[in-house]
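> Sharing query-v5.tsv here; it has TSV, C-alpha atoms and all ligand atoms.
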chain	number	residue	atom	x	y	z
D	1	MET	CA	-38.58	-9.46	-25.28
D	2	LYS	CA	-39.82	-6.10	-26.50
D	3	ALA	CA	-38.02	-3.06	-25.13
D	4	LEU	CA	-38.03	0.65	-25.79
D	5	ILE	CA	-34.53	2.08	-25.49
D	6	ALA	CA	-34.05	5.85	-25.36
D	7	VAL	CA	-30.85	7.00	-27.04
D	8	LEU	CA	-29.42	10.31	-25.88
D	9	ALA	CA	-26.19	10.66	-27.82
D	10	GLY	CA	-25.34	14.15	-26.54
D	11	ASP	CA	-22.18	15.98	-27.52
D	12	GLY	CA	-18.61	15.49	-28.73
D	13	ILE	CA	-17.81	11.82	-29.27
D	14	GLY	CA	-21.18	10.87	-27.72
D	15	PRO	CA	-22.96	10.36	-31.05
D	16	GLU	CA	-20.07	8.34	-32.54
D	17	VAL	CA	-19.72	5.85	-29.70
D	18	THR	CA	-23.46	5.62	-29.02
D	19	ALA	CA	-24.15	4.70	-32.64
D	20	GLU	CA	-21.84	1.69	-32.22
D	21	ALA	CA	-23.51	0.68	-28.95
D	22	VAL	CA	-26.89	0.77	-30.72
D	23	ARG	CA	-25.47	-1.36	-33.52
D	24	ALA	CA	-24.25	-3.89	-30.93
D	25	LEU	CA	-27.69	-3.97	-29.26
D	26	ASP	CA	-29.31	-4.46	-32.66
D	27	ARG	CA	-27.08	-7.45	-33.29
D	28	ILE	CA	-27.93	-8.88	-29.86
D	29	ALA	CA	-31.64	-8.45	-30.64
D	30	GLN	CA	-31.21	-10.41	-33.89
D	31	ARG	CA	-29.17	-13.18	-32.28
D	32	PHE	CA	-31.44	-13.66	-29.29
D	33	ASN	CA	-34.78	-12.84	-30.91
D	34	HIS	CA	-35.66	-9.63	-29.14
D	35	GLU	CA	-37.39	-6.53	-30.43
D	36	PHE	CA	-35.57	-3.39	-29.37
D	37	GLU	CA	-37.05	-0.08	-30.45
D	38	PHE	CA	-34.64	2.85	-30.33
D	39	LYS	CA	-35.89	6.41	-29.94
D	40	GLU	CA	-33.51	9.36	-30.01
D	41	GLY	CA	-33.70	12.39	-27.75
D	42	LEU	CA	-31.75	15.62	-27.30
D	43	LEU	CA	-29.57	16.19	-24.25
D	44	GLY	CA	-26.76	18.54	-23.23
D	45	GLY	CA	-25.21	21.03	-25.62
D	46	ALA	CA	-27.06	19.58	-28.60
D	47	ALA	CA	-30.34	20.19	-26.75
D	48	ILE	CA	-29.32	23.72	-25.74
D	49	ASP	CA	-28.60	24.53	-29.38
D	50	ALA	CA	-31.92	23.12	-30.55
D	51	THR	CA	-34.26	24.16	-27.73
D	52	GLY	CA	-32.42	26.43	-25.29
D	53	LEU	CA	-32.71	23.76	-22.57
D	54	PRO	CA	-30.13	21.07	-21.62
D	55	LEU	CA	-32.95	18.62	-20.76
D	56	PRO	CA	-35.99	19.37	-22.92
D	57	PRO	CA	-39.31	18.05	-21.52
D	58	ALA	CA	-39.65	15.69	-24.51
D	59	THR	CA	-36.34	14.03	-23.60
D	60	LEU	CA	-37.32	13.53	-19.98
D	61	GLU	CA	-40.69	12.14	-21.05
D	62	LEU	CA	-38.96	9.71	-23.43
D	63	ALA	CA	-36.53	8.52	-20.74
D	64	GLN	CA	-39.40	8.08	-18.27
D	65	ARG	CA	-41.29	5.97	-20.77
D	66	ALA	CA	-38.31	3.90	-21.91
D	67	ASP	CA	-37.28	0.55	-20.45
D	68	ALA	CA	-33.74	1.90	-20.38
D	69	THR	CA	-31.73	4.86	-21.63
D	70	LEU	CA	-28.42	4.76	-23.42
D	71	LEU	CA	-26.41	7.95	-23.09
D	72	GLY	CA	-23.26	9.18	-24.83
D	73	ALA	CA	-21.66	12.23	-23.23
D	74	VAL	CA	-22.48	15.87	-22.64
D	75	GLY	CA	-20.45	19.07	-22.72
D	76	GLY	CA	-17.84	20.83	-24.78
D	77	PRO	CA	-16.00	24.13	-25.21
D	78	LYS	CA	-18.89	25.66	-27.11
D	79	TRP	CA	-21.02	25.68	-23.94
D	80	SER	CA	-18.38	25.90	-21.22
D	81	ASP	CA	-18.34	29.63	-20.56
D	82	PRO	CA	-18.16	29.73	-16.74
D	83	GLY	CA	-20.63	32.63	-16.71
D	84	ALA	CA	-23.24	30.71	-18.72
D	85	GLN	CA	-26.61	30.24	-17.00
D	86	VAL	CA	-27.45	27.11	-18.98
D	87	ARG	CA	-24.89	24.32	-19.27
D	88	PRO	CA	-24.96	20.83	-20.82
D	89	GLU	CA	-24.01	19.13	-17.54
D	90	GLN	CA	-27.19	20.48	-15.93
D	91	GLY	CA	-29.14	18.32	-18.36
D	92	LEU	CA	-27.38	15.17	-17.19
D	93	LEU	CA	-27.76	16.03	-13.51
D	94	GLN	CA	-31.45	16.91	-13.94
D	95	LEU	CA	-32.02	13.65	-15.78
D	96	ARG	CA	-30.37	11.55	-13.05
D	97	LYS	CA	-32.39	13.37	-10.39
D	98	ALA	CA	-35.72	13.29	-12.24
D	99	LEU	CA	-35.38	9.56	-12.91
D	100	GLY	CA	-34.39	8.91	-9.29
D	101	LEU	CA	-31.17	7.15	-10.29
D	102	PHE	CA	-29.39	7.20	-6.96
D	103	ALA	CA	-26.94	4.33	-7.47
D	104	ASN	CA	-24.21	4.58	-10.08
D	105	LEU	CA	-22.35	1.30	-10.68
D	106	ARG	CA	-18.87	1.62	-12.16
D	107	PRO	CA	-17.06	-1.71	-12.58
D	108	VAL	CA	-13.27	-1.55	-12.78
D	109	VAL	CA	-11.78	-4.73	-14.22
D	110	PRO	CA	-8.30	-4.47	-15.76
D	111	HIS	CA	-7.66	-6.55	-18.85
D	112	ALA	CA	-4.45	-8.62	-19.03
D	113	ARG	CA	-3.87	-7.64	-22.66
D	114	LEU	CA	-3.76	-3.97	-21.64
D	115	SER	CA	-1.42	-4.12	-18.66
D	116	ASP	CA	1.12	-1.98	-20.51
D	117	VAL	CA	-1.50	0.68	-21.18
D	118	SER	CA	-2.10	1.21	-17.47
D	119	PRO	CA	0.42	3.45	-15.68
D	120	ILE	CA	0.23	1.00	-12.74
D	121	LYS	CA	2.67	-1.91	-12.47
D	122	GLU	CA	1.38	-5.18	-13.88
D	123	HIS	CA	1.85	-7.26	-10.71
D	124	LEU	CA	-0.44	-4.87	-8.82
D	125	LEU	CA	-3.19	-5.23	-11.41
D	126	ARG	CA	-3.46	-9.02	-11.47
D	127	GLY	CA	-6.81	-10.17	-10.07
D	128	VAL	CA	-8.19	-6.66	-9.63
D	129	ASP	CA	-12.00	-6.60	-9.85
D	130	ILE	CA	-13.66	-3.59	-8.23
D	131	MET	CA	-17.24	-2.38	-8.30
D	132	VAL	CA	-17.59	1.25	-7.30
D	133	VAL	CA	-21.09	2.29	-6.23
D	134	ARG	CA	-21.32	6.06	-6.37
D	135	GLU	CA	-24.27	7.86	-4.80
D	136	LEU	CA	-25.67	9.89	-7.69
D	137	THR	CA	-28.51	12.19	-6.70
D	138	GLY	CA	-27.35	13.85	-3.49
D	139	GLY	CA	-24.46	15.60	-1.83
D	140	ILE	CA	-22.67	18.69	-3.01
D	141	TYR	CA	-23.82	18.18	-6.61
D	142	PHE	CA	-27.41	18.93	-5.66
D	143	GLY	CA	-27.12	21.22	-2.63
D	144	ALA	CA	-28.06	24.88	-2.74
D	145	LYS	CA	-25.58	27.05	-4.62
D	146	THR	CA	-25.12	30.74	-3.99
D	147	ARG	CA	-22.73	33.23	-5.45
D	148	SER	CA	-21.94	36.86	-4.78
D	149	ALA	CA	-19.14	38.98	-6.15
D	150	THR	CA	-16.83	37.86	-3.35
D	151	GLU	CA	-18.14	34.54	-2.12
D	152	ALA	CA	-19.57	31.25	-3.39
D	153	VAL	CA	-21.29	28.44	-1.50
D	154	ASP	CA	-22.02	24.83	-2.46
D	155	GLU	CA	-24.05	23.07	0.17
D	156	CYS	CA	-23.49	19.38	0.85
D	157	ARG	CA	-26.34	17.51	2.46
D	158	TYR	CA	-27.33	13.85	2.87
D	159	SER	CA	-30.34	12.31	4.53
D	160	LEU	CA	-30.28	9.02	6.37
D	161	ALA	CA	-32.63	7.49	3.80
D	162	GLU	CA	-30.39	8.56	0.90
D	163	ILE	CA	-27.41	6.89	2.53
D	164	GLU	CA	-29.29	3.73	3.47
D	165	ARG	CA	-30.65	3.02	0.01
D	166	VAL	CA	-27.32	3.32	-1.78
D	167	VAL	CA	-25.49	1.33	0.89
D	168	ARG	CA	-28.10	-1.42	0.47
D	169	VAL	CA	-27.45	-1.55	-3.26
D	170	ALA	CA	-23.70	-1.81	-2.67
D	171	ALA	CA	-23.99	-4.45	0.07
D	172	THR	CA	-26.34	-6.51	-2.10
D	173	LEU	CA	-23.79	-6.40	-4.91
D	174	ALA	CA	-21.04	-7.41	-2.47
D	175	ARG	CA	-23.13	-10.44	-1.51
D	176	GLY	CA	-22.93	-11.68	-5.09
D	177	ARG	CA	-19.17	-11.12	-5.18
D	178	ARG	CA	-16.40	-11.42	-2.57
D	179	ARG	CA	-18.59	-10.14	0.28
D	180	LYS	CA	-16.41	-7.19	1.11
D	181	LEU	CA	-17.56	-3.59	1.27
D	182	THR	CA	-15.38	-0.51	1.66
D	183	SER	CA	-17.33	2.60	2.60
D	184	VAL	CA	-15.40	5.73	1.68
D	185	ASP	CA	-15.99	9.03	3.46
D	186	LYS	CA	-14.25	12.01	5.06
D	187	ALA	CA	-15.62	11.50	8.56
D	188	ASN	CA	-12.67	13.26	10.19
D	189	VAL	CA	-13.88	16.54	8.66
D	190	LEU	CA	-17.40	16.39	7.23
D	191	GLU	CA	-20.66	16.05	9.15
D	192	THR	CA	-22.34	14.35	6.16
D	193	SER	CA	-19.57	11.75	6.31
D	194	ARG	CA	-20.15	11.17	10.02
D	195	LEU	CA	-23.82	10.48	9.32
D	196	TRP	CA	-22.72	8.23	6.43
D	197	ARG	CA	-20.38	6.25	8.67
D	198	ALA	CA	-22.91	5.89	11.49
D	199	THR	CA	-25.50	4.69	9.01
D	200	VAL	CA	-23.18	2.04	7.59
D	201	ASP	CA	-22.33	0.90	11.13
D	202	LEU	CA	-26.00	0.32	11.91
D	203	LEU	CA	-27.10	-1.07	8.57
D	204	LEU	CA	-24.38	-3.57	7.72
D	205	PRO	CA	-24.42	-5.72	10.88
D	206	ALA	CA	-28.24	-5.64	10.98
D	207	GLU	CA	-29.03	-6.40	7.35
D	208	PHE	CA	-25.82	-7.83	5.88
D	209	PRO	CA	-24.03	-9.74	8.66
D	210	ASP	CA	-22.45	-11.92	5.94
D	211	VAL	CA	-20.71	-8.94	4.30
D	212	ALA	CA	-17.42	-7.78	5.82
D	213	TYR	CA	-17.10	-4.02	5.77
D	214	GLU	CA	-14.58	-1.33	6.53
D	215	HIS	CA	-14.49	2.46	6.53
D	216	MET	CA	-11.81	4.34	4.65
D	217	LEU	CA	-11.13	8.05	4.42
D	218	VAL	CA	-11.29	9.29	0.87
D	219	ASP	CA	-7.72	10.61	0.74
D	220	SER	CA	-6.46	7.28	2.00
D	221	ALA	CA	-8.70	5.42	-0.46
D	222	ALA	CA	-7.18	7.43	-3.33
D	223	MET	CA	-3.78	6.11	-2.27
D	224	HIS	CA	-4.77	2.51	-1.55
D	225	LEU	CA	-6.53	2.23	-4.92
D	226	LEU	CA	-3.12	2.52	-6.54
D	227	GLN	CA	-1.04	0.79	-3.89
D	228	ARG	CA	-3.16	-2.35	-3.37
D	229	PRO	CA	-6.14	-2.31	-5.76
D	230	ARG	CA	-6.63	-6.09	-5.44
D	231	ASP	CA	-7.86	-5.67	-1.85
D	232	PHE	CA	-11.03	-3.86	-2.93
D	233	ASP	CA	-14.26	-5.62	-3.82
D	234	VAL	CA	-17.20	-3.20	-3.62
D	235	ILE	CA	-16.64	0.46	-2.77
D	236	VAL	CA	-19.58	2.65	-1.78
D	237	THR	CA	-19.22	6.39	-1.52
D	238	GLU	CA	-20.95	9.73	-1.88
D	239	ASN	CA	-21.45	11.55	-5.14
D	240	MET	CA	-18.35	13.70	-5.53
D	241	PHE	CA	-15.89	11.23	-3.98
D	242	GLY	CA	-17.22	8.61	-6.39
D	243	ASP	CA	-16.79	10.93	-9.35
D	244	ILE	CA	-13.16	11.57	-8.49
D	245	LEU	CA	-12.19	8.04	-7.42
D	246	THR	CA	-13.60	6.44	-10.57
D	247	ASP	CA	-11.55	8.64	-12.90
D	248	GLU	CA	-8.55	7.55	-10.84
D	249	ALA	CA	-9.64	3.90	-10.90
D	250	SER	CA	-9.98	4.01	-14.69
D	251	MET	CA	-6.19	4.21	-14.79
D	252	LEU	CA	-6.03	0.69	-13.35
D	253	VAL	CA	-7.71	-0.41	-16.56
D	254	GLY	CA	-5.62	1.96	-18.64
D	255	SER	CA	-8.17	4.27	-20.18
D	256	MET	CA	-11.45	6.01	-19.44
D	257	GLY	CA	-12.44	4.64	-22.83
D	258	LEU	CA	-13.08	1.25	-21.24
D	259	LEU	CA	-15.24	2.11	-18.26
D	260	PRO	CA	-19.01	1.71	-18.52
D	261	SER	CA	-21.56	2.70	-15.92
D	262	ALA	CA	-25.12	1.95	-14.89
D	263	SER	CA	-27.29	4.40	-13.00
D	264	LEU	CA	-30.16	2.71	-11.24
D	265	GLY	CA	-33.13	3.76	-9.15
D	266	ALA	CA	-35.59	1.83	-7.04
D	267	ASP	CA	-36.70	-0.25	-10.05
D	268	ALA	CA	-34.33	-2.15	-12.30
D	269	ARG	CA	-36.30	-0.94	-15.29
D	270	GLY	CA	-35.60	2.58	-16.51
D	271	GLY	CA	-31.88	2.75	-15.78
D	272	LEU	CA	-29.44	5.08	-17.49
D	273	PHE	CA	-26.32	3.62	-19.07
D	274	GLU	CA	-23.34	5.68	-20.09
D	275	PRO	CA	-19.58	5.45	-20.45
D	276	ILE	CA	-17.76	7.34	-17.70
D	277	HIS	CA	-15.61	9.17	-20.24
D	278	GLY	CA	-16.67	12.63	-21.29
D	279	SER	CA	-17.37	14.16	-24.67
D	280	ALA	CA	-13.66	14.39	-25.64
D	281	PRO	CA	-14.16	17.40	-27.93
D	282	ASP	CA	-10.51	17.23	-29.05
D	283	ILE	CA	-11.13	14.01	-30.99
D	284	ALA	CA	-14.85	14.39	-31.74
D	285	GLY	CA	-16.04	13.83	-35.28
D	286	ARG	CA	-12.89	12.05	-36.43
D	287	GLY	CA	-14.11	8.50	-36.02
D	288	VAL	CA	-11.25	7.55	-33.69
D	289	ALA	CA	-12.99	7.48	-30.32
D	290	ASN	CA	-12.98	4.22	-28.38
D	291	PRO	CA	-16.49	2.70	-28.52
D	292	TYR	CA	-15.80	-0.08	-26.00
D	293	ALA	CA	-17.04	1.79	-22.91
D	294	ALA	CA	-20.27	2.67	-24.71
D	295	ILE	CA	-20.72	-0.94	-25.85
D	296	LEU	CA	-19.95	-2.22	-22.33
D	297	SER	CA	-22.56	0.25	-21.05
D	298	ALA	CA	-25.04	-1.36	-23.46
D	299	ALA	CA	-24.11	-4.71	-21.89
D	300	MET	CA	-24.89	-3.27	-18.45
D	301	LEU	CA	-28.23	-2.10	-19.86
D	302	LEU	CA	-29.03	-5.65	-20.93
D	303	ARG	CA	-28.06	-7.02	-17.52
D	304	HIS	CA	-29.51	-4.46	-15.15
D	305	SER	CA	-32.60	-2.97	-16.79
D	306	LEU	CA	-33.70	-5.78	-19.13
D	307	ALA	CA	-32.53	-8.74	-16.98
D	308	LEU	CA	-30.95	-10.34	-20.06
D	309	THR	CA	-27.85	-11.83	-18.41
D	310	PRO	CA	-26.72	-14.26	-21.15
D	311	GLU	CA	-27.03	-11.46	-23.71
D	312	ALA	CA	-25.00	-9.10	-21.49
D	313	GLU	CA	-22.32	-11.74	-21.04
D	314	ALA	CA	-22.19	-12.45	-24.78
D	315	LEU	CA	-21.64	-8.77	-25.50
D	316	GLU	CA	-18.98	-8.40	-22.81
D	317	ARG	CA	-17.16	-11.48	-24.08
D	318	ALA	CA	-17.23	-10.05	-27.61
D	319	VAL	CA	-15.59	-6.84	-26.37
D	320	TYR	CA	-12.92	-8.77	-24.46
D	321	ARG	CA	-12.22	-10.89	-27.54
D	322	ALA	CA	-11.86	-7.79	-29.71
D	323	ILE	CA	-9.34	-6.40	-27.23
D	324	GLU	CA	-7.63	-9.77	-26.94
D	325	SER	CA	-7.20	-9.94	-30.71
D	326	GLY	CA	-5.45	-6.57	-30.62
D	327	VAL	CA	-8.14	-4.33	-32.10
D	328	LEU	CA	-7.19	-1.28	-30.09
D	329	PRO	CA	-8.33	2.31	-30.51
D	330	ALA	CA	-5.63	4.95	-29.99
D	331	ASP	CA	-6.27	5.35	-26.25
D	332	LEU	CA	-5.47	1.65	-25.69
D	333	ILE	CA	-2.10	1.74	-27.37
D	334	PRO	CA	0.74	2.44	-24.92
D	335	ARG	CA	2.16	5.90	-25.31
D	336	GLY	CA	5.16	6.01	-27.58
D	337	VAL	CA	4.02	2.89	-29.42
D	338	ALA	CA	0.98	4.12	-31.33
D	339	THR	CA	1.25	4.95	-34.99
D	340	PRO	CA	-0.77	8.10	-35.35
D	341	GLY	CA	-2.25	6.68	-38.55
D	342	ALA	CA	-2.22	7.72	-42.18
D	343	ALA	CA	-2.50	11.45	-41.49
D	344	THR	CA	1.04	11.65	-40.07
D	345	PRO	CA	2.98	8.77	-41.57
D	346	GLY	CA	6.39	7.66	-40.43
D	347	ALA	CA	5.93	8.68	-36.83
D	348	ALA	CA	6.26	5.22	-35.26
D	349	ALA	CA	8.32	5.19	-32.09
D	350	PRO	CA	11.67	3.39	-32.35
D	351	GLU	CA	10.83	0.84	-29.65
D	352	ALA	CA	7.92	-0.48	-31.72
D	353	PRO	CA	9.19	-1.83	-35.03
D	354	THR	CA	5.84	-3.09	-36.36
D	355	PRO	CA	3.08	-1.51	-34.32
D	356	ARG	CA	-0.49	-2.01	-35.39
D	357	PRO	CA	-2.22	1.17	-36.40
D	358	ALA	CA	-4.89	2.36	-33.97
D	359	ALA	CA	-8.34	0.99	-34.72
D	360	THR	CA	-11.05	3.44	-35.74
D	361	THR	CA	-14.33	3.62	-33.85
D	362	ARG	CA	-16.05	1.65	-36.60
D	363	ALA	CA	-13.31	-0.98	-36.88
D	364	ALA	CA	-13.34	-1.58	-33.12
D	365	ALA	CA	-17.12	-1.98	-33.11
D	366	ASP	CA	-16.93	-4.25	-36.16
D	367	ALA	CA	-14.53	-6.48	-34.25
D	368	VAL	CA	-17.07	-6.72	-31.42
D	369	LEU	CA	-19.93	-7.51	-33.80
D	370	ALA	CA	-17.81	-10.17	-35.48
D	371	GLY	CA	-17.66	-11.95	-32.13
D	372	LEU	CA	-21.44	-11.98	-31.64
D	401	LIG	C1	-19.44	11.73	-14.67
D	401	LIG	C2	-19.23	13.13	-15.18
D	401	LIG	C3	-20.37	14.01	-14.72
D	401	LIG	C4	-20.37	14.01	-13.21
D	401	LIG	C5	-20.33	15.45	-15.26
D	401	LIG	C6	-20.31	15.47	-16.77
D	401	LIG	C7	-21.46	16.29	-14.73
D	401	LIG	O1	-18.00	13.62	-14.77
D	401	LIG	O2	-20.49	11.13	-14.99
D	401	LIG	O3	-18.57	11.19	-13.99
D	401	LIG	O4	-19.60	14.76	-12.58
D	401	LIG	O5	-21.15	13.26	-12.63
D	402	MN	MN	-16.77	12.15	-13.77
I need this file expressed as structure tokens, please.
Ligand code: IPM
Ligand code: MN


Amino acid sequence: MKALIAVLAGDGIGPEVTAEAVRALDRIAQRFNHEFEFKEGLLGGAAIDATGLPLPPATLELAQRADATLLGAVGGPKWSDPGAQVRPEQGLLQLRKALGLFANLRPVVPHARLSDVSPIKEHLLRGVDIMVVRELTGGIYFGAKTRSATEAVDECRYSLAEIERVVRVAATLARGRRRKLTSVDKANVLETSRLWRATVDLLLPAEFPDVAYEHMLVDSAAMHLLQRPRDFDVIVTENMFGDILTDEASMLVGSMGLLPSASLGADARGGLFEPIHGSAPDIAGRGVANPYAAILSAAMLLRHSLALTPEAEALERAVYRAIESGVLPADLIPRGVATPGAATPGAAAPEAPTPRPAATTRAAADAVLAGL
């Protein structure tokens, strides 16, 4: 297959981890005889610096033309002045909206080898396999915003059609899994949530009678995610609840550095694939960022936009094997056990007599490539 893949590395650790994801896709192309063409575009702070805009027209045009887009991360202290009119995050939000990517898939699958990295007890993590479907182009993120000296307003609105289409994506995914859907809202307070709930109640029995569903209030869902994560299969929720719950859910896995995501629109082609972690400016440029989430995002790209399932599975297996063999970047080493590396020698914690040093970004990606 021939495919054009847009690469928007963005800011902070974005360029470092995206470079490794591209290397992994290159290797897949060799192994499976595909022709992937990569074209880079500017997004976020890097784009503001170069053009004054967080999403330059050339970047949007590239993403619209591409079969899929691989994205790193946007944002950083350089552009985070709260008074700034132009911010990196606007570029990401505009891109999601302009491409019509309303469904954001965030799989949460803890890895046995990393149970001591997660702050959650091991027995609660066994068998956990959750797919969060976050609505991505509506709600409070995209409502009208106003600000005066003494007041600020963020409007939250959802249309019936916006709710229906994302619920359909989630229910379809549930059908291919354990056939259980949890719809998360705040229907005891918010009108948008009451419309959400009513829509689910009409749509599920009519179109997905084979999928069991429940409603859960978002505050309660935040608790149950930690108390009994195994009970969840597919979760569908609105934009901001999904943003918050998936950072929380990443702790089931142990690190944000392991969670990929796929943002999809009406067509499978033209999706946007990015790790859920941010630009991590504190560790940017040091070659120590965890590339696994970016590489797993590349696997989601293969699966969802290019329909290359065996290739996606091969790449995911290679990541799991790298983890299994103990090639762990710093964020995957339990606190108090990591050796901070050569820069600060002799700092190993007493409970870890012979800890392995943390893997660099390159070494972790090399371990993945070695398994392909
Ligand atoms: C995410 C991020 C973004 C979001 C930010 C960077 C705008 O947190 O993808 O989860 O809130 O959607
Ligand atoms: Mn987020």

> Out of D:Val7, D:Leu160, D:Leu252, D:Ile276, which residue has the shortest atom-to-atom distance to ligand MN 402 (chain D) when counting only C-alpha atoms and all ligand atoms?

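Checking each of D:Val7, D:Leu160, D:Leu252, D:Ile276 against ligand MN 402 (chain D), counting only C-alpha atoms and all ligand atoms, the winner is D:Ile276.
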
> If we count all atoms listed in the file, what is near Gln227 (chain D) at a cut-off of 10 Å, once residues fewer than 5 positions away on the same chain are taken out, given as a count of residues only?

6

> Restricting the calculation to all atoms listed in the file: of D:Leu92, D:Ala21, D:Val218, D:Val368, which residue gets closest to ligand LIG 401 (chain D)?

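Using all atoms listed in the file, ligand LIG 401 (chain D) sits closest to D:Leu92.
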
> Would you mind telling me which residue in D:Phe241, D:Phe36, D:Phe273, D:Phe232 lies nearest to ligand MN 402 (chain D) when using only C-alpha atoms and all ligand atoms?

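Of all the options, D:Phe241 lies closest to ligand MN 402 (chain D).
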
> Please identify every residue of chain D that has at least one atom no farther than 9 Å from an atom of ligand MN 402 (chain D), counting only C-alpha atoms and all ligand atoms, and for each give the shortest atom pair and the distance in Å to one decimal, arranged by chain then increasing number, as CSV.


residue,atom,partner,partner_atom,distance
D:Met240,CA,D:MN402,MN,8.5
D:Gly242,CA,D:MN402,MN,8.2
D:Asp243,CA,D:MN402,MN,4.6
D:Ile244,CA,D:MN402,MN,6.4
D:Leu245,CA,D:MN402,MN,8.8
D:Thr246,CA,D:MN402,MN,7.3
D:Asp247,CA,D:MN402,MN,6.4
D:Ile276,CA,D:MN402,MN,6.3
D:His277,CA,D:MN402,MN,7.2
D:Gly278,CA,D:MN402,MN,7.5

> Identify which of the residues D:Thr146, D:Thr51, D:Thr360, D:Thr18 lies closest to Gly72 (chain D), counting all atoms listed in the file when measuring atom-to-atom distances.

D:Thr18

> Do a neighbour search on region 55-65 of chain D at 7 Å with only C-alpha atoms, toss out local chain neighbours closer than 5 positions, and write the hits as a list in words.

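Near neighbours after the sequence-gap exclusion: Ala6, Gly41, Leu42, Leu43, Gly44, Ala47, Gly91, Leu95, Leu99 and Gly270 of chain D.
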
> Separation of CA of Ala98 (chain D) and CA of Leu70 (chain D), in Å?

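Taking CA of Ala98 (chain D) as the start and CA of Leu70 (chain D) as the end point, the length is 15.8 Å.
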
> With only C-alpha atoms as the atoms that count, which of D:Phe38, D:Tyr292, D:Tyr213, D:Tyr320 lies nearest to Arg178 (chain D)?

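Closest residue, counting only C-alpha atoms: D:Tyr213.
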
> Measure the distance from CA of Ile295 (chain D) to CA of Ala312 (chain D) in Å and round it to one decimal.

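So the two atoms, CA of Ile295 (chain D) and CA of Ala312 (chain D), lie 10.2 Å apart.
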
> Given all atoms listed in the file as the basis, pick out the residue of D:Ser115, D:Ser80, D:Ser255, D:Asn239 nearest to ligand LIG 401 (chain D).

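Among D:Ser115, D:Ser80, D:Ser255, D:Asn239, it is D:Asn239 that comes nearest to ligand LIG 401 (chain D).
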
> Find the spatial neighbours of Val117 (chain D), counting only C-alpha atoms, within a cut-off of 7 Å - ignore same-chain residues fewer than 4 positions away - and output them as a list of chain:residue names.

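Surrounding residues, per the criterion: D:Gly254, D:Leu332, D:Ile333, D:Pro334.
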
> Name all residues at most 7 Å from region 83-90 of chain D (count only C-alpha atoms; drop same-chain ones fewer than 5 positions away) and give them as an MDAnalysis selection string.

chainID D and resid 44:45 54 74:75

> Please provide the set of residues having any atom within 10 Å of Arg303 (chain D), restricted to only C-alpha atoms, with same-chain residues fewer than 6 positions apart removed, written as a count of residues only.

8

> To one decimal in Å, tell me the separation between CA of Ser183 (chain D) and CA of Leu272 (chain D).

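Between CA of Ser183 (chain D) and CA of Leu272 (chain D) the gap is 23.6 Å.
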
> Hey, could you pull the box centre and edge lengths for ligand LIG 401 (chain D), axis-aligned, 4 Å padding per side, all listed atoms, to one decimal in Å, as JSON?


{"center_x": -19.7, "center_y": 13.7, "center_z": -14.7, "size_x": 11.5, "size_y": 13.2, "size_z": 12.2}

> Using only C-alpha atoms, give me every residue within 12 Å of (-17.8, -1.9, -26.1) in file coordinates, as a short mmCIF file (atom, residue, chain, number, x, y, z; two decimals) with C-alpha atoms, keeping the file's coordinate frame.


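Okay, part_18.cif is ready:
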data_model
loop_
_atom_site.label_atom_id
_atom_site.label_comp_id
_atom_site.auth_asym_id
_atom_site.auth_seq_id
_atom_site.Cartn_x
_atom_site.Cartn_y
_atom_site.Cartn_z
CA VAL D 17 -19.72 5.85 -29.70
CA THR D 18 -23.46 5.62 -29.02
CA ALA D 19 -24.15 4.70 -32.64
CA GLU D 20 -21.84 1.69 -32.22
CA ALA D 21 -23.51 0.68 -28.95
CA VAL D 22 -26.89 0.77 -30.72
CA ARG D 23 -25.47 -1.36 -33.52
CA ALA D 24 -24.25 -3.89 -30.93
CA LEU D 25 -27.69 -3.97 -29.26
CA GLY D 257 -12.44 4.64 -22.83
CA LEU D 258 -13.08 1.25 -21.24
CA LEU D 259 -15.24 2.11 -18.26
CA PRO D 260 -19.01 1.71 -18.52
CA SER D 261 -21.56 2.70 -15.92
CA GLU D 274 -23.34 5.68 -20.09
CA PRO D 275 -19.58 5.45 -20.45
CA ALA D 289 -12.99 7.48 -30.32
CA ASN D 290 -12.98 4.22 -28.38
CA PRO D 291 -16.49 2.70 -28.52
CA TYR D 292 -15.80 -0.08 -26.00
CA ALA D 293 -17.04 1.79 -22.91
CA ALA D 294 -20.27 2.67 -24.71
CA ILE D 295 -20.72 -0.94 -25.85
CA LEU D 296 -19.95 -2.22 -22.33
CA SER D 297 -22.56 0.25 -21.05
CA ALA D 298 -25.04 -1.36 -23.46
CA ALA D 299 -24.11 -4.71 -21.89
CA MET D 300 -24.89 -3.27 -18.45
CA ALA D 312 -25.00 -9.10 -21.49
CA GLU D 313 -22.32 -11.74 -21.04
CA ALA D 314 -22.19 -12.45 -24.78
CA LEU D 315 -21.64 -8.77 -25.50
CA GLU D 316 -18.98 -8.40 -22.81
CA ARG D 317 -17.16 -11.48 -24.08
CA ALA D 318 -17.23 -10.05 -27.61
CA VAL D 319 -15.59 -6.84 -26.37
CA TYR D 320 -12.92 -8.77 -24.46
CA ARG D 321 -12.22 -10.89 -27.54
CA ALA D 322 -11.86 -7.79 -29.71
CA ILE D 323 -9.34 -6.40 -27.23
CA VAL D 327 -8.14 -4.33 -32.10
CA LEU D 328 -7.19 -1.28 -30.09
CA PRO D 329 -8.33 2.31 -30.51
CA THR D 361 -14.33 3.62 -33.85
CA ARG D 362 -16.05 1.65 -36.60
CA ALA D 363 -13.31 -0.98 -36.88
CA ALA D 364 -13.34 -1.58 -33.12
CA ALA D 365 -17.12 -1.98 -33.11
CA ASP D 366 -16.93 -4.25 -36.16
CA ALA D 367 -14.53 -6.48 -34.25
CA VAL D 368 -17.07 -6.72 -31.42
CA LEU D 369 -19.93 -7.51 -33.80
CA GLY D 371 -17.66 -11.95 -32.13
#
